[in-house]
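Asker: Dropping in final_37.cif, which is mmCIF, C-alpha atoms:
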data_query
loop_
_atom_site.label_atom_id
_atom_site.label_comp_id
_atom_site.auth_asym_id
_atom_site.auth_seq_id
_atom_site.Cartn_x
_atom_site.Cartn_y
_atom_site.Cartn_z
CA MET A 1 22.84 -39.08 -11.28
CA ILE A 2 24.29 -36.31 -9.11
CA ASP A 3 28.09 -36.15 -9.00
CA PHE A 4 28.42 -35.21 -5.32
CA LYS A 5 32.19 -34.73 -5.50
CA SER A 6 31.91 -32.11 -8.23
CA GLU A 7 29.09 -30.38 -6.32
CA VAL A 8 31.22 -30.21 -3.19
CA LEU A 9 34.19 -28.86 -5.15
CA LYS A 10 32.03 -26.00 -6.42
CA ILE A 11 31.60 -24.73 -2.87
CA LYS A 12 34.96 -25.90 -1.50
CA ASP A 13 36.32 -22.42 -0.79
CA GLN A 14 33.13 -21.33 0.99
CA MET A 15 33.13 -24.51 3.09
CA ILE A 16 36.73 -23.96 4.14
CA GLU A 17 35.99 -20.32 5.01
CA ASP A 18 32.97 -21.38 7.10
CA ILE A 19 34.99 -23.99 8.99
CA LYS A 20 37.78 -21.48 9.66
CA ASN A 21 35.32 -18.94 11.03
CA LEU A 22 33.65 -21.51 13.29
CA CYS A 23 36.98 -22.83 14.58
CA ALA A 24 38.10 -19.28 15.34
CA ILE A 25 35.36 -18.95 17.97
CA PRO A 26 36.72 -20.23 21.34
CA SER A 27 33.54 -22.17 22.03
CA THR A 28 34.46 -23.96 25.23
CA GLN A 29 32.10 -23.94 28.19
CA ASP A 30 32.44 -20.74 30.21
CA ASP A 31 30.29 -20.69 33.34
CA SER A 32 31.23 -17.05 34.02
CA THR A 33 29.28 -15.88 30.94
CA ILE A 34 26.20 -18.12 31.24
CA ALA A 35 23.01 -16.17 30.54
CA GLU A 36 19.49 -16.69 29.25
CA PHE A 37 19.70 -18.47 25.87
CA ALA A 38 23.45 -18.94 26.47
CA PRO A 39 23.46 -21.95 28.85
CA PHE A 40 27.08 -22.85 28.05
CA GLY A 41 28.48 -19.32 27.95
CA LYS A 42 28.93 -16.45 25.51
CA ALA A 43 31.35 -18.11 23.06
CA ASN A 44 29.16 -21.20 22.63
CA ARG A 45 26.24 -18.88 21.92
CA GLN A 46 28.34 -17.13 19.25
CA ALA A 47 29.22 -20.45 17.62
CA LEU A 48 25.58 -21.55 17.53
CA ASP A 49 24.50 -18.21 16.03
CA ALA A 50 27.24 -18.44 13.40
CA MET A 51 26.13 -21.94 12.35
CA LEU A 52 22.47 -21.01 12.19
CA GLU A 53 23.35 -18.00 10.02
CA ILE A 54 25.19 -20.35 7.62
CA GLY A 55 22.05 -22.50 7.46
CA LYS A 56 19.87 -19.48 6.66
CA ARG A 57 22.32 -18.26 4.03
CA ASP A 58 22.18 -21.63 2.25
CA GLY A 59 18.37 -21.82 2.18
CA PHE A 60 17.63 -24.11 5.12
CA ASP A 61 14.99 -23.70 7.81
CA VAL A 62 16.66 -23.13 11.17
CA GLU A 63 15.53 -23.39 14.78
CA ASP A 64 17.26 -22.29 17.96
CA VAL A 65 16.48 -24.55 20.94
CA ASP A 66 17.02 -21.93 23.68
CA GLY A 67 20.79 -21.94 23.08
CA TYR A 68 21.17 -25.63 23.94
CA ALA A 69 21.14 -26.78 20.33
CA GLY A 70 19.95 -25.87 16.86
CA HIS A 71 18.14 -27.52 13.96
CA ILE A 72 19.04 -26.93 10.31
CA ASP A 73 16.33 -28.59 8.21
CA ILE A 74 15.30 -29.07 4.60
CA GLY A 75 12.32 -30.88 3.12
CA GLU A 76 9.12 -32.11 4.76
CA GLY A 77 7.34 -35.32 5.75
CA ASP A 78 6.56 -37.53 8.71
CA GLU A 79 10.00 -39.07 9.02
CA THR A 80 13.28 -37.31 9.64
CA PHE A 81 16.80 -38.38 8.79
CA GLY A 82 19.19 -36.56 11.10
CA ILE A 83 22.93 -35.97 11.32
CA LEU A 84 24.21 -34.90 14.72
CA GLY A 85 27.20 -32.62 15.07
CA HIS A 86 28.85 -30.37 17.64
CA LEU A 87 30.24 -26.86 17.40
CA ASP A 88 32.27 -26.54 20.60
CA VAL A 89 36.04 -26.73 20.21
CA VAL A 90 38.65 -28.51 22.32
CA PRO A 91 40.01 -26.28 25.12
CA VAL A 92 43.35 -24.69 24.28
CA ASN A 93 46.23 -25.65 26.55
CA GLU A 94 47.95 -22.39 27.39
CA VAL A 95 51.73 -22.42 27.65
CA GLY A 96 54.21 -19.68 28.49
CA TRP A 97 56.32 -17.79 25.97
CA ASP A 98 59.46 -19.56 27.14
CA ASP A 99 57.83 -22.95 26.52
CA ILE A 100 56.91 -21.95 22.96
CA ARG A 101 60.36 -20.51 22.30
CA ASP A 102 62.13 -23.59 23.69
CA LYS A 103 59.99 -25.93 21.58
CA MET A 104 60.76 -23.95 18.43
CA ILE A 105 64.47 -23.79 19.15
CA THR A 106 64.69 -27.52 19.85
CA ALA A 107 62.83 -28.43 16.65
CA SER A 108 64.64 -25.93 14.43
CA ALA A 109 68.08 -26.85 15.74
CA GLY A 110 67.33 -30.41 14.64
CA GLY A 111 66.17 -29.30 11.21
CA ASN A 112 62.49 -29.89 11.98
CA ALA A 113 59.38 -27.73 12.08
CA ALA A 114 57.61 -27.43 15.46
CA ALA A 115 54.56 -26.62 13.32
CA ASP A 116 53.90 -25.28 9.83
CA VAL A 117 52.77 -21.96 11.32
CA VAL A 118 54.61 -20.70 14.39
CA GLU A 119 54.20 -17.93 16.93
CA VAL A 120 56.88 -15.26 16.60
CA ASP A 121 57.26 -12.89 19.54
CA TRP A 122 58.74 -9.52 18.61
CA SER A 123 61.78 -10.17 20.82
CA TRP A 124 62.70 -13.43 19.03
CA VAL A 125 63.03 -12.01 15.52
CA GLY A 126 66.74 -11.22 15.56
CA GLU A 127 67.73 -14.53 17.15
CA PHE A 128 65.65 -16.65 14.77
CA TYR A 129 66.74 -14.67 11.71
CA ALA A 130 70.41 -15.02 12.59
CA ALA A 131 69.91 -18.79 12.88
CA GLY A 132 68.14 -18.91 9.50
CA TRP A 133 64.97 -20.45 10.92
CA LEU A 134 62.30 -18.12 9.50
CA GLU A 135 61.03 -18.07 5.93
CA PRO A 136 60.70 -14.55 4.41
CA LEU A 137 57.09 -13.69 3.55
CA GLU A 138 55.58 -11.85 0.60
CA VAL A 139 53.41 -8.96 1.75
CA SER A 140 51.38 -6.60 -0.44
CA ASP A 141 52.03 -2.86 -0.45
CA GLU A 142 48.51 -2.34 0.89
CA THR A 143 49.18 -4.58 3.89
CA ARG A 144 52.55 -2.92 4.51
CA ALA A 145 50.84 0.46 4.71
CA ASP A 146 48.06 -0.84 6.94
CA ILE A 147 50.24 -2.71 9.49
CA PRO A 148 52.99 -0.39 10.81
CA THR A 149 54.23 -3.06 13.25
CA LEU A 150 55.58 -5.06 10.29
CA GLU A 151 58.73 -2.99 10.80
CA THR A 152 59.36 -4.87 14.05
CA PHE A 153 59.46 -8.18 12.15
CA THR A 154 61.71 -6.95 9.35
CA LYS A 155 65.43 -7.72 9.08
CA ASP A 156 67.61 -6.70 6.14
CA GLY A 157 64.49 -5.74 4.22
CA LYS A 158 62.87 -9.17 4.71
CA ILE A 159 59.51 -9.54 6.44
CA LEU A 160 59.79 -12.61 8.67
CA ALA A 161 56.36 -12.69 10.32
CA ILE A 162 53.01 -10.90 10.13
CA PRO A 163 51.63 -9.48 13.40
CA TYR A 164 48.10 -10.47 14.37
CA ALA A 165 47.79 -8.87 17.84
CA ASN A 166 48.92 -5.35 18.61
CA ASP A 167 50.43 -4.00 21.79
CA TYR A 168 51.87 -0.52 21.42
CA ARG A 169 52.59 1.95 24.18
CA LEU A 170 49.88 4.41 25.16
CA SER A 171 49.68 6.67 28.21
CA TYR A 172 46.84 6.77 30.73
CA TYR A 173 46.02 9.12 33.58
CA ASN A 174 43.31 9.43 36.22
CA THR A 175 41.33 12.55 35.34
CA LYS A 176 39.38 12.69 38.60
CA GLN A 177 42.60 12.85 40.61
CA TYR A 178 43.77 15.71 38.37
CA GLU A 179 40.48 17.54 39.04
CA ASP A 180 40.83 16.97 42.79
CA ALA A 181 44.36 18.40 42.63
CA GLU A 182 43.16 21.30 40.45
CA ILE A 183 45.47 20.30 37.61
CA THR A 184 43.66 21.54 34.54
CA GLN A 185 45.53 19.97 31.61
CA GLU A 186 46.74 16.52 30.65
CA PRO A 187 50.56 16.25 30.65
CA GLN A 188 52.34 17.10 27.41
CA THR A 189 55.90 16.37 28.49
CA TRP A 190 57.67 13.96 30.84
CA ASP A 191 58.65 16.91 33.04
CA GLU A 192 54.96 17.82 33.40
CA VAL A 193 54.18 14.22 34.36
CA TYR A 194 56.83 14.42 37.09
CA GLN A 195 55.63 17.80 38.42
CA ASN A 196 51.98 16.70 38.39
CA CYS A 197 52.87 13.50 40.25
CA LYS A 198 54.60 15.60 42.92
CA THR A 199 51.50 17.76 43.25
CA LEU A 200 49.23 14.72 43.61
CA LYS A 201 51.45 13.32 46.33
CA GLU A 202 51.85 16.60 48.20
CA LYS A 203 48.07 17.14 48.25
CA GLY A 204 47.50 13.64 49.59
CA ILE A 205 45.45 12.57 46.58
CA CYS A 206 47.68 9.74 45.38
CA GLU A 207 50.62 8.53 47.48
CA TYR A 208 52.49 6.73 44.69
CA PRO A 209 51.18 8.26 41.45
CA PHE A 210 53.68 6.85 38.92
CA ALA A 211 53.40 3.16 37.91
CA LEU A 212 56.95 2.04 37.06
CA PRO A 213 58.14 -1.59 36.69
CA LEU A 214 61.41 -2.01 38.60
CA ASN A 215 61.67 -5.74 39.26
CA ALA A 216 64.33 -7.84 37.50
CA GLU A 217 62.17 -8.77 34.48
CA GLU A 218 61.72 -7.80 30.85
CA LYS A 219 58.95 -5.23 31.44
CA THR A 220 61.54 -3.19 33.33
CA SER A 221 63.95 -3.09 30.39
CA THR A 222 61.25 -2.39 27.79
CA TYR A 223 59.91 0.46 29.93
CA LEU A 224 63.35 2.08 29.89
CA MET A 225 63.50 1.61 26.12
CA TRP A 226 60.23 3.37 25.38
CA LEU A 227 60.89 6.04 27.99
CA ALA A 228 64.18 6.92 26.28
CA TYR A 229 62.58 6.56 22.85
CA THR A 230 59.62 8.85 23.53
CA MET A 231 61.74 11.26 25.55
CA ASN A 232 64.60 11.66 23.08
CA GLY A 233 63.68 9.80 19.88
CA ILE A 234 66.57 7.34 20.13
CA VAL A 235 67.65 4.35 22.23
CA PHE A 236 70.36 2.61 20.21
CA ASN A 237 73.12 3.93 17.99
CA ASP A 238 73.49 2.60 14.44
CA ASP A 239 76.05 0.05 15.65
CA GLY A 240 73.58 -1.38 18.20
CA THR A 241 75.20 0.18 21.28
CA LEU A 242 73.21 2.29 23.73
CA ASN A 243 72.86 6.00 23.02
CA LYS A 244 74.35 7.38 26.21
CA ASP A 245 72.66 10.78 26.32
CA SER A 246 69.18 9.36 25.77
CA VAL A 247 69.35 6.24 27.95
CA LEU A 248 71.15 7.98 30.81
CA ALA A 249 68.55 10.78 30.79
CA ALA A 250 65.79 8.16 31.06
CA LEU A 251 67.60 6.39 33.91
CA ARG A 252 68.02 9.68 35.78
CA TYR A 253 64.31 10.35 35.32
CA GLU A 254 63.44 6.97 36.86
CA GLU A 255 65.96 7.54 39.65
CA GLN A 256 64.33 10.88 40.49
CA LEU A 257 60.87 9.28 40.64
CA ILE A 258 62.20 6.65 43.06
CA ARG A 259 64.07 9.17 45.19
CA ASP A 260 61.01 11.40 45.52
CA GLU A 261 58.87 8.38 46.50
CA LEU A 262 56.52 8.86 43.57
CA VAL A 263 56.80 5.13 42.83
CA ASP A 264 55.34 2.47 45.13
CA PRO A 265 58.18 0.61 46.91
CA ALA A 266 56.29 -2.58 46.03
CA ASP A 267 56.98 -1.88 42.34
CA LYS A 268 60.59 -2.91 43.00
CA THR A 269 59.55 -6.51 43.65
CA SER A 270 56.08 -6.82 42.07
CA SER A 271 55.59 -8.23 38.58
CA GLY A 272 55.47 -5.63 35.86
CA MET A 273 51.83 -6.44 35.13
CA ASP A 274 50.86 -5.95 38.79
CA THR A 275 52.60 -2.58 38.65
CA TYR A 276 50.63 -1.60 35.55
CA LYS A 277 47.37 -2.65 37.22
CA ARG A 278 47.80 -0.07 39.97
CA ILE A 279 46.17 2.51 37.70
CA LEU A 280 43.03 0.33 37.57
CA SER A 281 42.62 0.59 41.34
CA GLY A 282 43.45 4.29 41.62
CA SER A 283 46.66 3.62 43.57
CA ALA A 284 48.58 5.05 40.59
CA ASN A 285 47.64 8.10 38.55
CA PHE A 286 49.88 7.75 35.50
CA LEU A 287 50.90 4.80 33.34
CA THR A 288 52.53 4.33 29.98
CA GLY A 289 51.75 0.75 29.13
CA PRO A 290 49.86 -1.79 27.02
CA THR A 291 46.95 -0.84 24.76
CA SER A 292 45.00 -3.68 26.40
CA PHE A 293 44.39 -1.32 29.32
CA VAL A 294 41.91 0.58 27.15
CA SER A 295 39.46 -2.31 27.52
CA LYS A 296 40.55 -3.05 31.09
CA SER A 297 39.71 0.54 32.09
CA THR A 298 36.06 -0.09 31.18
CA SER A 299 35.78 -3.59 32.65
CA GLU A 300 33.99 -3.94 36.00
CA GLU A 301 35.97 -7.11 36.57
CA ASP A 302 39.34 -5.36 36.16
CA CYS A 303 38.81 -1.73 37.13
CA SER A 304 37.45 -0.08 40.26
CA VAL A 305 37.75 3.48 38.89
CA ILE A 306 35.72 3.15 35.68
CA GLY A 307 35.15 6.52 34.03
CA GLU A 308 38.22 8.09 35.60
CA ILE A 309 40.98 6.78 33.30
CA THR A 310 41.70 8.47 29.97
CA PRO A 311 44.11 7.15 27.31
CA ILE A 312 46.33 9.96 25.97
CA LEU A 313 49.28 10.39 23.64
CA VAL A 314 52.60 9.51 25.23
CA PRO A 315 54.46 12.58 26.52
CA GLY A 316 57.74 13.70 24.99
CA LYS A 317 60.62 15.99 25.86
CA GLU A 318 59.16 19.34 24.78
CA ALA A 319 55.69 18.26 23.57
CA LYS A 320 53.88 15.00 22.87
CA ALA A 321 56.20 12.28 21.59
CA THR A 322 56.29 11.65 17.84
CA VAL A 323 57.10 7.94 18.23
CA THR A 324 55.88 5.02 20.28
CA MET A 325 57.14 1.47 20.64
CA ALA A 326 55.15 -1.67 19.86
CA LEU A 327 55.53 -5.17 21.33
CA PRO A 328 53.25 -7.20 19.01
CA GLU A 329 52.78 -10.92 18.43
CA ALA A 330 53.06 -12.41 14.95
CA LEU A 331 52.82 -15.60 12.92
CA GLY A 332 55.62 -16.94 10.73
CA ILE A 333 56.73 -20.00 8.79
CA THR A 334 59.84 -21.97 9.67
CA ARG A 335 62.33 -22.85 6.96
CA PHE A 336 61.65 -26.51 7.74
CA SER A 337 57.89 -26.40 7.14
CA LYS A 338 56.67 -29.07 4.72
CA ASN A 339 53.50 -27.15 3.83
CA LYS A 340 54.72 -23.61 3.21
CA GLU A 341 52.06 -22.67 0.67
CA SER A 342 49.21 -23.71 2.95
CA ALA A 343 50.91 -22.05 5.93
CA ASP A 344 51.18 -18.80 3.98
CA LYS A 345 47.47 -18.91 3.12
CA PHE A 346 46.58 -19.52 6.77
CA ILE A 347 48.67 -16.53 7.94
CA LYS A 348 47.14 -14.22 5.35
CA TRP A 349 43.66 -15.34 6.46
CA TYR A 350 44.42 -15.05 10.18
CA THR A 351 45.84 -11.55 9.77
CA SER A 352 43.09 -10.39 7.39
CA ALA A 353 40.84 -7.47 8.24
CA GLY A 354 37.79 -9.65 8.84
CA MET A 355 39.64 -12.00 11.14
CA GLN A 356 41.09 -9.11 13.15
CA GLU A 357 37.57 -7.87 13.78
CA GLU A 358 36.60 -11.37 14.94
CA LEU A 359 39.62 -11.65 17.26
CA ASN A 360 38.73 -8.35 18.86
CA GLU A 361 35.15 -9.52 19.37
CA THR A 362 36.11 -12.87 20.90
CA ASN A 363 39.17 -12.00 23.00
CA THR A 364 39.59 -8.19 22.79
CA ALA A 365 42.79 -8.52 20.73
CA ILE A 366 43.96 -5.11 19.48
CA PRO A 367 44.12 -5.12 15.65
CA THR A 368 47.47 -4.65 13.95
CA ARG A 369 45.71 -3.19 10.93
CA ASN A 370 45.10 0.52 11.45
CA SER A 371 42.09 0.36 9.11
CA VAL A 372 40.42 -2.21 11.38
CA LEU A 373 41.38 -0.33 14.54
CA LYS A 374 39.79 2.84 13.17
CA LYS A 375 36.63 0.97 12.23
CA LEU A 376 36.27 -0.58 15.69
CA ILE A 377 36.80 2.79 17.37
CA ASP A 378 34.41 4.62 15.03
CA ASP A 379 31.77 1.90 15.52
CA GLY A 380 32.09 2.17 19.30
CA ARG A 381 33.15 -1.44 19.65
CA ILE A 382 36.33 -0.21 21.37
CA GLN A 383 35.17 2.10 24.13
CA ASN A 384 37.11 4.82 25.95
CA ALA A 385 39.65 4.79 23.09
CA GLY A 386 40.93 8.30 23.77
CA ALA A 387 44.13 8.86 21.77
CA MET A 388 44.42 5.19 20.81
CA MET A 389 43.99 5.71 17.05
CA GLU A 390 46.19 8.77 16.90
CA GLN A 391 48.93 7.01 18.86
CA ALA A 392 48.87 4.05 16.44
CA GLU A 393 50.05 6.38 13.67
CA PHE A 394 53.31 6.94 15.58
CA ILE A 395 54.37 3.28 15.88
CA ALA A 396 58.05 2.84 15.02
CA SER A 397 60.92 0.56 15.96
CA PRO A 398 63.73 1.84 18.21
CA PHE A 399 66.10 -0.78 16.74
CA PRO A 400 68.10 0.66 13.79
CA ASP A 401 68.47 -2.73 12.08
CA GLY A 402 65.61 -4.64 13.65
CA VAL A 403 65.58 -6.56 16.92
CA PRO A 404 69.13 -7.92 17.48
CA ALA A 405 69.97 -11.61 17.82
CA TYR A 406 71.25 -10.99 21.34
CA TYR A 407 68.07 -9.27 22.56
CA ALA A 408 67.50 -11.65 25.49
CA GLU A 409 71.01 -11.07 26.88
CA MET A 410 70.69 -7.32 26.29
CA SER A 411 67.34 -7.13 28.10
CA ASN A 412 68.79 -9.14 30.99
CA ALA A 413 71.66 -6.66 31.36
CA MET A 414 69.27 -3.73 31.35
CA TYR A 415 66.68 -4.94 33.85
CA ASN A 416 69.27 -6.24 36.31
CA ALA A 417 71.05 -2.86 36.37
CA ILE A 418 67.75 -0.97 36.75
CA HIS A 419 66.67 -3.25 39.58
CA LYS A 420 69.93 -2.59 41.42
CA MET A 421 69.38 1.15 40.97
CA ALA A 422 65.84 0.81 42.34
CA LEU A 423 67.19 -0.95 45.44
CA GLY A 424 69.70 1.85 46.02
CA LYS A 425 72.72 -0.30 45.16
CA MET A 426 73.64 1.82 42.13
CA THR A 427 73.26 5.36 40.87
CA ALA A 428 71.80 6.03 37.43
CA GLU A 429 75.33 6.57 36.13
CA GLU A 430 76.54 3.27 37.56
CA ALA A 431 73.50 1.40 36.22
CA TYR A 432 74.15 2.85 32.77
CA ALA A 433 77.84 1.93 32.89
CA GLU A 434 77.04 -1.68 33.81
CA MET A 435 74.43 -2.23 31.09
CA ASP A 436 76.46 -0.35 28.49
CA SER A 437 79.54 -2.48 29.13
CA LYS A 438 77.59 -5.73 28.77
CA ILE A 439 75.67 -4.60 25.70
CA SER A 440 78.82 -3.33 24.00
CA ASP A 441 80.34 -6.79 24.46
CA LEU A 442 77.28 -8.33 22.77
CA THR A 443 77.31 -6.14 19.66
CA PRO A 444 79.14 -7.58 16.64
#
Please lay out the structure from this file as structure tokens.
Answerer:
Amino acid sequence: MIDFKSEVLKIKDQMIEDIKNLCAIPSTQDDSTIAEFAPFGKANRQALDAMLEIGKRDGFDVEDVDGYAGHIDIGEGDETFGILGHLDVVPVNEVGWDDIRDKMITASAGGNAAADVVEVDWSWVGEFYAAGWLEPLEVSDETRADIPTLETFTKDGKILAIPYANDYRLSYYNTKQYEDAEITQEPQTWDEVYQNCKTLKEKGICEYPFALPLNAEEKTSTYLMWLAYTMNGIVFNDDGTLNKDSVLAALRYEEQLIRDELVDPADKTSSGMDTYKRILSGSANFLTGPTSFVSKSTSEEDCSVIGEITPILVPGKEAKATVTMALPEALGITRFSKNKESADKFIKWYTSAGMQEELNETNTAIPTRNSVLKKLIDDGRIQNAGAMMEQAEFIASPFPDGVPAYYAEMSNAMYNAIHKMALGKMTAEEAYAEMDSKISDLTP
């Protein structure tokens, strides 16, 4: 007699891996991607293909019913015994970062786990570490070398989360506008960016060539951080206070762009993301922003100037910058988790090389593993990559001791002062003095 339990246990690991891979495909109905043999959309088609491949691998006969369903059969005869199943997953309810953060804070403050595995935004690390809410993770030397953004999630030598989606700063410019203005080289320095923007404006090619977030929101403060970082190699002193020479120079640079009307006045009140998107319409020539704009620049849905945008290394003070800042997302384990071992296994699987390839395929997530990023670029799966791979080698953290516990208050002080400067209510010097005073009060 067959011992079915022992037979199942022999293939337990493979079954779990198959289920994980199927669940990772966001197979909800998507009418926007319906096509021949994909009547419920692209992701459902991917899920069906994945299941049929499992059937083939395990020796079954398979049949695809025009994308509506599939058969996985074994044996023969006039009668059939069938088991019906479905592959589509339940739609994910999207919530904002603040909702996730509030849920985690409420649960952790009460000594409970919001979940065994939790989202960890790069800006929460210091706050959650100071409160003792995150469990340190063991990470191999190979993974440390492959994921440079681990530095962002490290405090006092402890890795508190493993990033699964990358978002480092890369520069973009419109090459056709440069050709029209007879500018023959991509910018190497921030001064060249400024001079080239003036030329584009003076020649009537692009009225507001520099995309610069200036509204009172976090993208405004992070832009100042990476501008100072790439311009001067430093943002914060070892004691956590602002480095005056570097940050003030960056503020003066932004002030000059505003004064010379190289920035769209709408950038002062638009969302940061809307400001970034100006390069996709040709209303801006230059952007330093998210790596996600590599894929957006080749998307007919997002971009009206396809073929004109090139990703380049971020400029520096005297040549290309030797650092760039990353704002990645990660997964961690709370101290209150009741299933820490299983949670650790899930995180290692979700951040594995194979899974990062899958995430890029299904939702264009940028890999945090440089080995996977290189593979996707070399294979042509990431198009119009430009300097994307080279820039990834320069990822570093501007925070001397990791993201501070008071990051939210610090960011608030920075973007409010910058916004006032943008509205003409403050000079660069006054904006620096205001943010410096508030940040100094926050530092231990």
Asker: Any chance you could resolve the PyMOL selection byres ((chain A and resi 338) around 12) against this file and give the residues as JSON, numbers by chain?
Answerer: {"A": [111, 112, 113, 114, 115, 116, 117, 135, 333, 334, 335, 336, 337, 339, 340, 341, 342, 343, 344]}
Asker: With C-alpha atoms retained, export the selected residues as a PDB file, in the frame of the given file.
Answerer:
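To be explicit, this is the file written out as out.pdb:
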ATOM      1  CA  GLY A 111      66.170 -29.300  11.210  1.00  0.00           C
ATOM      2  CA  ASN A 112      62.490 -29.890  11.980  1.00  0.00           C
ATOM      3  CA  ALA A 113      59.380 -27.730  12.080  1.00  0.00           C
ATOM      4  CA  ALA A 114      57.610 -27.430  15.460  1.00  0.00           C
ATOM      5  CA  ALA A 115      54.560 -26.620  13.320  1.00  0.00           C
ATOM      6  CA  ASP A 116      53.900 -25.280   9.830  1.00  0.00           C
ATOM      7  CA  VAL A 117      52.770 -21.960  11.320  1.00  0.00           C
ATOM      8  CA  GLU A 135      61.030 -18.070   5.930  1.00  0.00           C
ATOM      9  CA  ILE A 333      56.730 -20.000   8.790  1.00  0.00           C
ATOM     10  CA  THR A 334      59.840 -21.970   9.670  1.00  0.00           C
ATOM     11  CA  ARG A 335      62.330 -22.850   6.960  1.00  0.00           C
ATOM     12  CA  PHE A 336      61.650 -26.510   7.740  1.00  0.00           C
ATOM     13  CA  SER A 337      57.890 -26.400   7.140  1.00  0.00           C
ATOM     14  CA  ASN A 339      53.500 -27.150   3.830  1.00  0.00           C
ATOM     15  CA  LYS A 340      54.720 -23.610   3.210  1.00  0.00           C
ATOM     16  CA  GLU A 341      52.060 -22.670   0.670  1.00  0.00           C
ATOM     17  CA  SER A 342      49.210 -23.710   2.950  1.00  0.00           C
ATOM     18  CA  ALA A 343      50.910 -22.050   5.930  1.00  0.00           C
ATOM     19  CA  ASP A 344      51.180 -18.800   3.980  1.00  0.00           C
TER      20      ASP A 344
END
Asker: Expand the PyMOL selection byres ((chain A and resi 65) around 12) into the individual residues it matches in the shown file, reporting them as a ChimeraX atom specification.
Answerer: /A:36-39,45,48-49,52,62-64,66-72
Asker: Nearest to Gln177 (chain A): which of A:Ile205, A:Ile74, A:Leu242, A:Ile439 is it, counting only C-alpha atoms?
Answerer: A:Ile205
Asker: Show me the residues around (47.7, -16.3, 11.8) - criterion: an atom at most 10 Å away, all atoms listed in the file counted - as a list in words.
Answerer: Val117, Val118, Glu119, Ala161, Ile162, Pro163, Tyr164, Ala165, Glu329, Ala330, Leu331, Gly332, Ala343, Asp344, Lys345, Phe346, Ile347, Lys348, Trp349, Tyr350, Thr351, Ser352, Met355 and Gln356 of chain A
Asker: With C-alpha atoms retained, could you export that selection as a PDB file, keeping the file's coordinate frame?
Answerer:
ATOM      1  CA  VAL A 117      52.770 -21.960  11.320  1.00  0.00           C
ATOM      2  CA  VAL A 118      54.610 -20.700  14.390  1.00  0.00           C
ATOM      3  CA  GLU A 119      54.200 -17.930  16.930  1.00  0.00           C
ATOM      4  CA  ALA A 161      56.360 -12.690  10.320  1.00  0.00           C
ATOM      5  CA  ILE A 162      53.010 -10.900  10.130  1.00  0.00           C
ATOM      6  CA  PRO A 163      51.630  -9.480  13.400  1.00  0.00           C
ATOM      7  CA  TYR A 164      48.100 -10.470  14.370  1.00  0.00           C
ATOM      8  CA  ALA A 165      47.790  -8.870  17.840  1.00  0.00           C
ATOM      9  CA  GLU A 329      52.780 -10.920  18.430  1.00  0.00           C
ATOM     10  CA  ALA A 330      53.060 -12.410  14.950  1.00  0.00           C
ATOM     11  CA  LEU A 331      52.820 -15.600  12.920  1.00  0.00           C
ATOM     12  CA  GLY A 332      55.620 -16.940  10.730  1.00  0.00           C
ATOM     13  CA  ALA A 343      50.910 -22.050   5.930  1.00  0.00           C
ATOM     14  CA  ASP A 344      51.180 -18.800   3.980  1.00  0.00           C
ATOM     15  CA  LYS A 345      47.470 -18.910   3.120  1.00  0.00           C
ATOM     16  CA  PHE A 346      46.580 -19.520   6.770  1.00  0.00           C
ATOM     17  CA  ILE A 347      48.670 -16.530   7.940  1.00  0.00           C
ATOM     18  CA  LYS A 348      47.140 -14.220   5.350  1.00  0.00           C
ATOM     19  CA  TRP A 349      43.660 -15.340   6.460  1.00  0.00           C
ATOM     20  CA  TYR A 350      44.420 -15.050  10.180  1.00  0.00           C
ATOM     21  CA  THR A 351      45.840 -11.550   9.770  1.00  0.00           C
ATOM     22  CA  SER A 352      43.090 -10.390   7.390  1.00  0.00           C
ATOM     23  CA  MET A 355      39.640 -12.000  11.140  1.00  0.00           C
ATOM     24  CA  GLN A 356      41.090  -9.110  13.150  1.00  0.00           C
TER      25      GLN A 356
END
Asker: I'd like the contact shell of region 363-377 of chain A - 12 Å cut-off, all atoms listed in the file, skipping same-chain residues fewer than 5 positions apart - returned as a ChimeraX atom specification.
Answerer: /A:24-27,42-43,142-152,162-168,290-296,299,326-330,350-358,382-395
Asker: One number please: CA of Thr241 (chain A) to CA of Asp121 (chain A), in Å, one decimal.
Answerer: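 These two atoms are separated by 22.3 Å.
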Asker: Just the residues within 10 Å of Tyr407 (chain A), please, counting all atoms listed in the file, with nothing from its chain fewer than 6 positions along; format it as a short mmCIF file (atom, residue, chain, number, x, y, z; two decimals) with C-alpha atoms, in the frame of the given file.
Answerer:
data_model
loop_
_atom_site.label_atom_id
_atom_site.label_comp_id
_atom_site.auth_asym_id
_atom_site.auth_seq_id
_atom_site.Cartn_x
_atom_site.Cartn_y
_atom_site.Cartn_z
CA SER A 123 61.78 -10.17 20.82
CA TRP A 124 62.70 -13.43 19.03
CA VAL A 125 63.03 -12.01 15.52
CA GLY A 126 66.74 -11.22 15.56
CA GLU A 127 67.73 -14.53 17.15
CA ALA A 413 71.66 -6.66 31.36
CA ILE A 439 75.67 -4.60 25.70
CA LEU A 442 77.28 -8.33 22.77
#
Asker: Go through A:Ile34, A:Val247, A:Ala408, A:Ala284 and flag the residue nearest Gly233 (chain A), using only C-alpha atoms for the distances.
Answerer: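 Between A:Ile34, A:Val247, A:Ala408, A:Ala284, the residue approaching Gly233 (chain A) most closely is A:Val247.
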Asker: Written as a list in words, which residues does the PyMOL selection byres ((chain A and resi 7-23) around 8) give for the file shown?
Answerer: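 With the PyMOL selection byres ((chain A and resi 7-23) around 8) on this model, the match is Asp3, Phe4, Lys5, Ser6, Ala24, Ile25, Pro26, Ala47, Ala50, Met51, Ile54, Leu87 and Val89 of chain A.
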